[in-house]
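See structure below.
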Amino acid sequence: VEDRTIERVRVPADADTTLGELQVLLEPSLAAGMREGLRYLETYPYGCVEQTVSRFLPNVATYMALKQLGVKDAKLEAALPQQVGVGLQRLYALQNSDGGWGWWGNEASQPELTAYVLLGLAQAQAAQFVVAESVVDQAVAFLYNWLDQEPISARDYHDRRATVLYALAVAGQGDLGR
């Protein structure tokens, strides 16, 4: 038996406990901890583009972590590629003809959302999943087209631009001159 130190969480005396809760779960391994979070994401009831990527990306990250750490978990090893494949197919189906993505299918393409999808696709490629190059190429073209346009609103343009340039760089399509 090893000696363990348990940290205590201190809640301020004036905290309103009716506004939320804190739940701490201890898991015996990395794989066990990831399994519960992935189960929640798998059954999340909504399916807009952002939620699809937000459900898809943790599956990719978990797959990569298991491989890099040499963790063996037969259930996760079987489920993760299938979940990634489902996410990829949904993203392919929701891509607009201009190469971008809107919040839902057939909604106007948004640069920050398209950048988020491209980031997810690049991560999937890095994890050695097969990603349709034509989908990536169309997303990259949409983002460069957006970058070439005059900003409509300076207020949030710089944040969007930074997000787009970051996603392009992660996807290996960056432009240091921009």
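Going by the structure tokens order, chains are called A, B, ..., each with residues numbered from 1, while ligands are numbered from 1 in the order shown.
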
Could you list, as a tab-separated table (two decimals) with all heavy atoms, in the first residue's frame, every residue within 7 Å of region 115-121 of chain A, counting only C-alpha atoms and ignoring same-chain residues fewer than 4 positions away?
chain	number	residue	atom	x	y	z
A	53	VAL	N	-18.17	18.26	-34.84
A	53	VAL	CA	-16.71	18.34	-34.68
A	53	VAL	C	-16.33	18.18	-33.20
A	53	VAL	O	-15.37	17.48	-32.88
A	53	VAL	CB	-16.16	19.67	-35.23
A	53	VAL	CG1	-14.65	19.78	-34.99
A	53	VAL	CG2	-16.45	19.80	-36.71
A	57	LEU	N	-13.71	15.29	-32.58
A	57	LEU	CA	-12.33	15.62	-32.22
A	57	LEU	C	-11.83	14.88	-30.97
A	57	LEU	O	-10.70	14.37	-30.98
A	57	LEU	CB	-12.18	17.13	-32.07
A	57	LEU	CG	-10.84	17.75	-32.35
A	57	LEU	CD1	-10.20	17.26	-33.62
A	57	LEU	CD2	-10.98	19.27	-32.40
A	111	PRO	N	-16.59	31.33	-41.76
A	111	PRO	CA	-15.15	31.07	-41.77
A	111	PRO	C	-14.65	30.41	-40.49
A	111	PRO	O	-13.81	29.50	-40.55
A	111	PRO	CB	-14.53	32.45	-41.97
A	111	PRO	CG	-15.59	33.42	-41.58
A	111	PRO	CD	-16.89	32.76	-41.89
A	125	GLN	N	-6.26	13.39	-39.98
A	125	GLN	CA	-5.18	12.98	-40.88
A	125	GLN	C	-3.90	12.69	-40.10
A	125	GLN	O	-3.20	11.72	-40.39
A	125	GLN	CB	-4.91	14.07	-41.92
A	125	GLN	CG	-5.97	14.15	-42.99
A	125	GLN	CD	-5.72	15.27	-43.97
A	125	GLN	OE1	-5.31	16.37	-43.59
A	125	GLN	NE2	-5.97	15.01	-45.26
A	131	VAL	N	-8.91	10.75	-44.79
A	131	VAL	CA	-9.78	11.90	-44.92
A	131	VAL	C	-9.83	12.27	-46.40
A	131	VAL	O	-8.78	12.35	-47.05
A	131	VAL	CB	-9.27	13.09	-44.08
A	131	VAL	CG1	-10.12	14.33	-44.29
A	131	VAL	CG2	-9.23	12.72	-42.60
A	136	VAL	N	-10.99	18.49	-47.89
A	136	VAL	CA	-9.98	19.39	-47.33
A	136	VAL	C	-9.64	20.50	-48.32
A	136	VAL	O	-9.59	21.68	-47.95
A	136	VAL	CB	-8.71	18.60	-46.94
A	136	VAL	CG1	-7.59	19.54	-46.52
A	136	VAL	CG2	-9.03	17.60	-45.82
A	139	ALA	N	-12.34	23.09	-48.44
A	139	ALA	CA	-12.34	23.91	-47.22
A	139	ALA	C	-11.22	24.94	-47.28
A	139	ALA	O	-11.42	26.12	-46.93
A	139	ALA	CB	-12.20	23.03	-45.99
A	163	THR	N	-8.08	32.67	-36.31
A	163	THR	CA	-8.60	31.31	-36.26
A	163	THR	C	-8.42	30.61	-37.61
A	163	THR	O	-7.97	29.46	-37.68
A	163	THR	CB	-10.09	31.32	-35.87
A	163	THR	OG1	-10.22	31.94	-34.59
A	163	THR	CG2	-10.67	29.93	-35.82
A	164	VAL	N	-8.74	31.31	-38.68
A	164	VAL	CA	-8.61	30.76	-40.02
A	164	VAL	C	-7.15	30.46	-40.35
A	164	VAL	O	-6.81	29.37	-40.83
A	164	VAL	CB	-9.24	31.72	-41.06
A	164	VAL	CG1	-8.82	31.35	-42.48
A	164	VAL	CG2	-10.76	31.73	-40.92
A	167	ALA	N	-5.93	27.37	-38.40
A	167	ALA	CA	-6.43	26.10	-38.95
A	167	ALA	C	-5.72	25.75	-40.25
A	167	ALA	O	-5.36	24.59	-40.48
A	167	ALA	CB	-7.94	26.19	-39.17
A	170	VAL	N	-2.26	24.39	-39.32
A	170	VAL	CA	-2.33	23.03	-38.78
A	170	VAL	C	-2.58	22.03	-39.91
A	170	VAL	O	-2.05	20.91	-39.89
A	170	VAL	CB	-3.41	22.93	-37.68
A	170	VAL	CG1	-3.67	21.48	-37.29
A	170	VAL	CG2	-3.00	23.74	-36.46
A	171	ALA	N	-3.36	22.44	-40.90
A	171	ALA	CA	-3.66	21.56	-42.03
A	171	ALA	C	-2.54	21.52	-43.06
A	171	ALA	O	-2.66	20.88	-44.09
A	171	ALA	CB	-4.97	22.02	-42.70

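The residue set within 10 Å of Arg90 (chain A), counting only C-alpha atoms and dropping same-chain residues fewer than 3 places from it, reads Gly47, Cys48, Val49, Thr52, Val53, Phe56, Val84, Gly85, Val86, Gly87, Ala93, Leu94, Gln95 and Gly105 of chain A.
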
Residue selection dump (all heavy atoms) as a PDB file, in the first residue's frame:
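Result saved to part-v2.pdb:
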ATOM      1  N   GLY A  47     -26.865  17.670 -33.447  1.00  0.00           N
ATOM      2  CA  GLY A  47     -25.943  17.327 -34.511  1.00  0.00           C
ATOM      3  C   GLY A  47     -25.610  18.446 -35.472  1.00  0.00           C
ATOM      4  O   GLY A  47     -25.432  18.185 -36.652  1.00  0.00           O
ATOM      5  N   CYS A  48     -25.509  19.676 -34.978  1.00  0.00           N
ATOM      6  CA  CYS A  48     -25.053  20.732 -35.879  1.00  0.00           C
ATOM      7  C   CYS A  48     -23.570  20.493 -36.180  1.00  0.00           C
ATOM      8  O   CYS A  48     -22.939  19.607 -35.602  1.00  0.00           O
ATOM      9  CB  CYS A  48     -25.284  22.121 -35.277  1.00  0.00           C
ATOM     10  SG  CYS A  48     -24.155  22.594 -33.960  1.00  0.00           S
ATOM     11  N   VAL A  49     -23.026  21.278 -37.080  1.00  0.00           N
ATOM     12  CA  VAL A  49     -21.637  21.076 -37.496  1.00  0.00           C
ATOM     13  C   VAL A  49     -20.680  21.230 -36.317  1.00  0.00           C
ATOM     14  O   VAL A  49     -19.794  20.397 -36.109  1.00  0.00           O
ATOM     15  CB  VAL A  49     -21.271  22.035 -38.654  1.00  0.00           C
ATOM     16  CG1 VAL A  49     -19.780  22.017 -38.929  1.00  0.00           C
ATOM     17  CG2 VAL A  49     -22.051  21.663 -39.908  1.00  0.00           C
ATOM     18  N   THR A  52     -20.893  18.281 -34.091  1.00  0.00           N
ATOM     19  CA  THR A  52     -20.318  17.102 -34.756  1.00  0.00           C
ATOM     20  C   THR A  52     -18.799  17.102 -34.605  1.00  0.00           C
ATOM     21  O   THR A  52     -18.198  16.082 -34.254  1.00  0.00           O
ATOM     22  CB  THR A  52     -20.726  17.065 -36.246  1.00  0.00           C
ATOM     23  OG1 THR A  52     -22.153  16.992 -36.330  1.00  0.00           O
ATOM     24  CG2 THR A  52     -20.105  15.880 -36.961  1.00  0.00           C
ATOM     25  N   VAL A  53     -18.167  18.258 -34.838  1.00  0.00           N
ATOM     26  CA  VAL A  53     -16.709  18.344 -34.677  1.00  0.00           C
ATOM     27  C   VAL A  53     -16.334  18.177 -33.199  1.00  0.00           C
ATOM     28  O   VAL A  53     -15.370  17.481 -32.881  1.00  0.00           O
ATOM     29  CB  VAL A  53     -16.157  19.673 -35.233  1.00  0.00           C
ATOM     30  CG1 VAL A  53     -14.654  19.778 -34.989  1.00  0.00           C
ATOM     31  CG2 VAL A  53     -16.452  19.803 -36.707  1.00  0.00           C
ATOM     32  N   PHE A  56     -16.478  14.597 -32.564  1.00  0.00           N
ATOM     33  CA  PHE A  56     -15.527  13.873 -33.399  1.00  0.00           C
ATOM     34  C   PHE A  56     -14.082  14.057 -32.908  1.00  0.00           C
ATOM     35  O   PHE A  56     -13.307  13.102 -32.824  1.00  0.00           O
ATOM     36  CB  PHE A  56     -15.727  14.416 -34.827  1.00  0.00           C
ATOM     37  CG  PHE A  56     -14.619  14.197 -35.796  1.00  0.00           C
ATOM     38  CD1 PHE A  56     -14.524  13.015 -36.490  1.00  0.00           C
ATOM     39  CD2 PHE A  56     -13.701  15.202 -36.067  1.00  0.00           C
ATOM     40  CE1 PHE A  56     -13.521  12.827 -37.426  1.00  0.00           C
ATOM     41  CE2 PHE A  56     -12.710  15.019 -36.997  1.00  0.00           C
ATOM     42  CZ  PHE A  56     -12.617  13.824 -37.670  1.00  0.00           C
ATOM     43  N   VAL A  84     -15.083   7.870 -35.396  1.00  0.00           N
ATOM     44  CA  VAL A  84     -14.405   8.847 -36.261  1.00  0.00           C
ATOM     45  C   VAL A  84     -14.979   8.766 -37.671  1.00  0.00           C
ATOM     46  O   VAL A  84     -15.252   9.791 -38.303  1.00  0.00           O
ATOM     47  CB  VAL A  84     -12.875   8.640 -36.254  1.00  0.00           C
ATOM     48  CG1 VAL A  84     -12.205   9.481 -37.330  1.00  0.00           C
ATOM     49  CG2 VAL A  84     -12.302   8.979 -34.879  1.00  0.00           C
ATOM     50  N   GLY A  85     -15.188   7.560 -38.159  1.00  0.00           N
ATOM     51  CA  GLY A  85     -15.764   7.379 -39.490  1.00  0.00           C
ATOM     52  C   GLY A  85     -17.155   7.985 -39.598  1.00  0.00           C
ATOM     53  O   GLY A  85     -17.485   8.641 -40.603  1.00  0.00           O
ATOM     54  N   VAL A  86     -17.969   7.803 -38.580  1.00  0.00           N
ATOM     55  CA  VAL A  86     -19.316   8.394 -38.566  1.00  0.00           C
ATOM     56  C   VAL A  86     -19.210   9.922 -38.602  1.00  0.00           C
ATOM     57  O   VAL A  86     -19.928  10.587 -39.354  1.00  0.00           O
ATOM     58  CB  VAL A  86     -20.113   7.922 -37.325  1.00  0.00           C
ATOM     59  CG1 VAL A  86     -21.366   8.754 -37.114  1.00  0.00           C
ATOM     60  CG2 VAL A  86     -20.460   6.444 -37.458  1.00  0.00           C
ATOM     61  N   GLY A  87     -18.301  10.474 -37.802  1.00  0.00           N
ATOM     62  CA  GLY A  87     -18.112  11.929 -37.787  1.00  0.00           C
ATOM     63  C   GLY A  87     -17.647  12.460 -39.128  1.00  0.00           C
ATOM     64  O   GLY A  87     -18.150  13.480 -39.612  1.00  0.00           O
ATOM     65  N   ALA A  93     -21.160  15.191 -45.531  1.00  0.00           N
ATOM     66  CA  ALA A  93     -22.538  15.438 -45.966  1.00  0.00           C
ATOM     67  C   ALA A  93     -22.977  16.877 -45.706  1.00  0.00           C
ATOM     68  O   ALA A  93     -23.820  17.405 -46.433  1.00  0.00           O
ATOM     69  CB  ALA A  93     -23.487  14.466 -45.270  1.00  0.00           C
ATOM     70  N   LEU A  94     -22.415  17.518 -44.695  1.00  0.00           N
ATOM     71  CA  LEU A  94     -22.836  18.873 -44.319  1.00  0.00           C
ATOM     72  C   LEU A  94     -22.023  19.972 -44.995  1.00  0.00           C
ATOM     73  O   LEU A  94     -22.327  21.152 -44.829  1.00  0.00           O
ATOM     74  CB  LEU A  94     -22.771  19.039 -42.795  1.00  0.00           C
ATOM     75  CG  LEU A  94     -23.790  18.208 -42.004  1.00  0.00           C
ATOM     76  CD1 LEU A  94     -23.511  18.314 -40.502  1.00  0.00           C
ATOM     77  CD2 LEU A  94     -25.216  18.629 -42.323  1.00  0.00           C
ATOM     78  N   GLN A  95     -20.984  19.599 -45.752  1.00  0.00           N
ATOM     79  CA  GLN A  95     -20.173  20.620 -46.424  1.00  0.00           C
ATOM     80  C   GLN A  95     -20.988  21.279 -47.534  1.00  0.00           C
ATOM     81  O   GLN A  95     -21.652  20.605 -48.317  1.00  0.00           O
ATOM     82  CB  GLN A  95     -18.891  20.015 -46.995  1.00  0.00           C
ATOM     83  CG  GLN A  95     -17.930  21.061 -47.542  1.00  0.00           C
ATOM     84  CD  GLN A  95     -16.608  20.457 -48.001  1.00  0.00           C
ATOM     85  OE1 GLN A  95     -16.566  19.318 -48.464  1.00  0.00           O
ATOM     86  NE2 GLN A  95     -15.538  21.213 -47.854  1.00  0.00           N
ATOM     87  N   GLY A 105     -26.746  22.037 -42.027  1.00  0.00           N
ATOM     88  CA  GLY A 105     -26.661  21.790 -43.450  1.00  0.00           C
ATOM     89  C   GLY A 105     -27.377  22.865 -44.255  1.00  0.00           C
ATOM     90  O   GLY A 105     -28.445  23.329 -43.868  1.00  0.00           O
TER      91      GLY A 105
END

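The closest residue to Thr114 (chain A), picked from A:Glu50, A:Glu77, A:Glu27, A:Asp16 and counting only C-alpha atoms, is A:Glu50.
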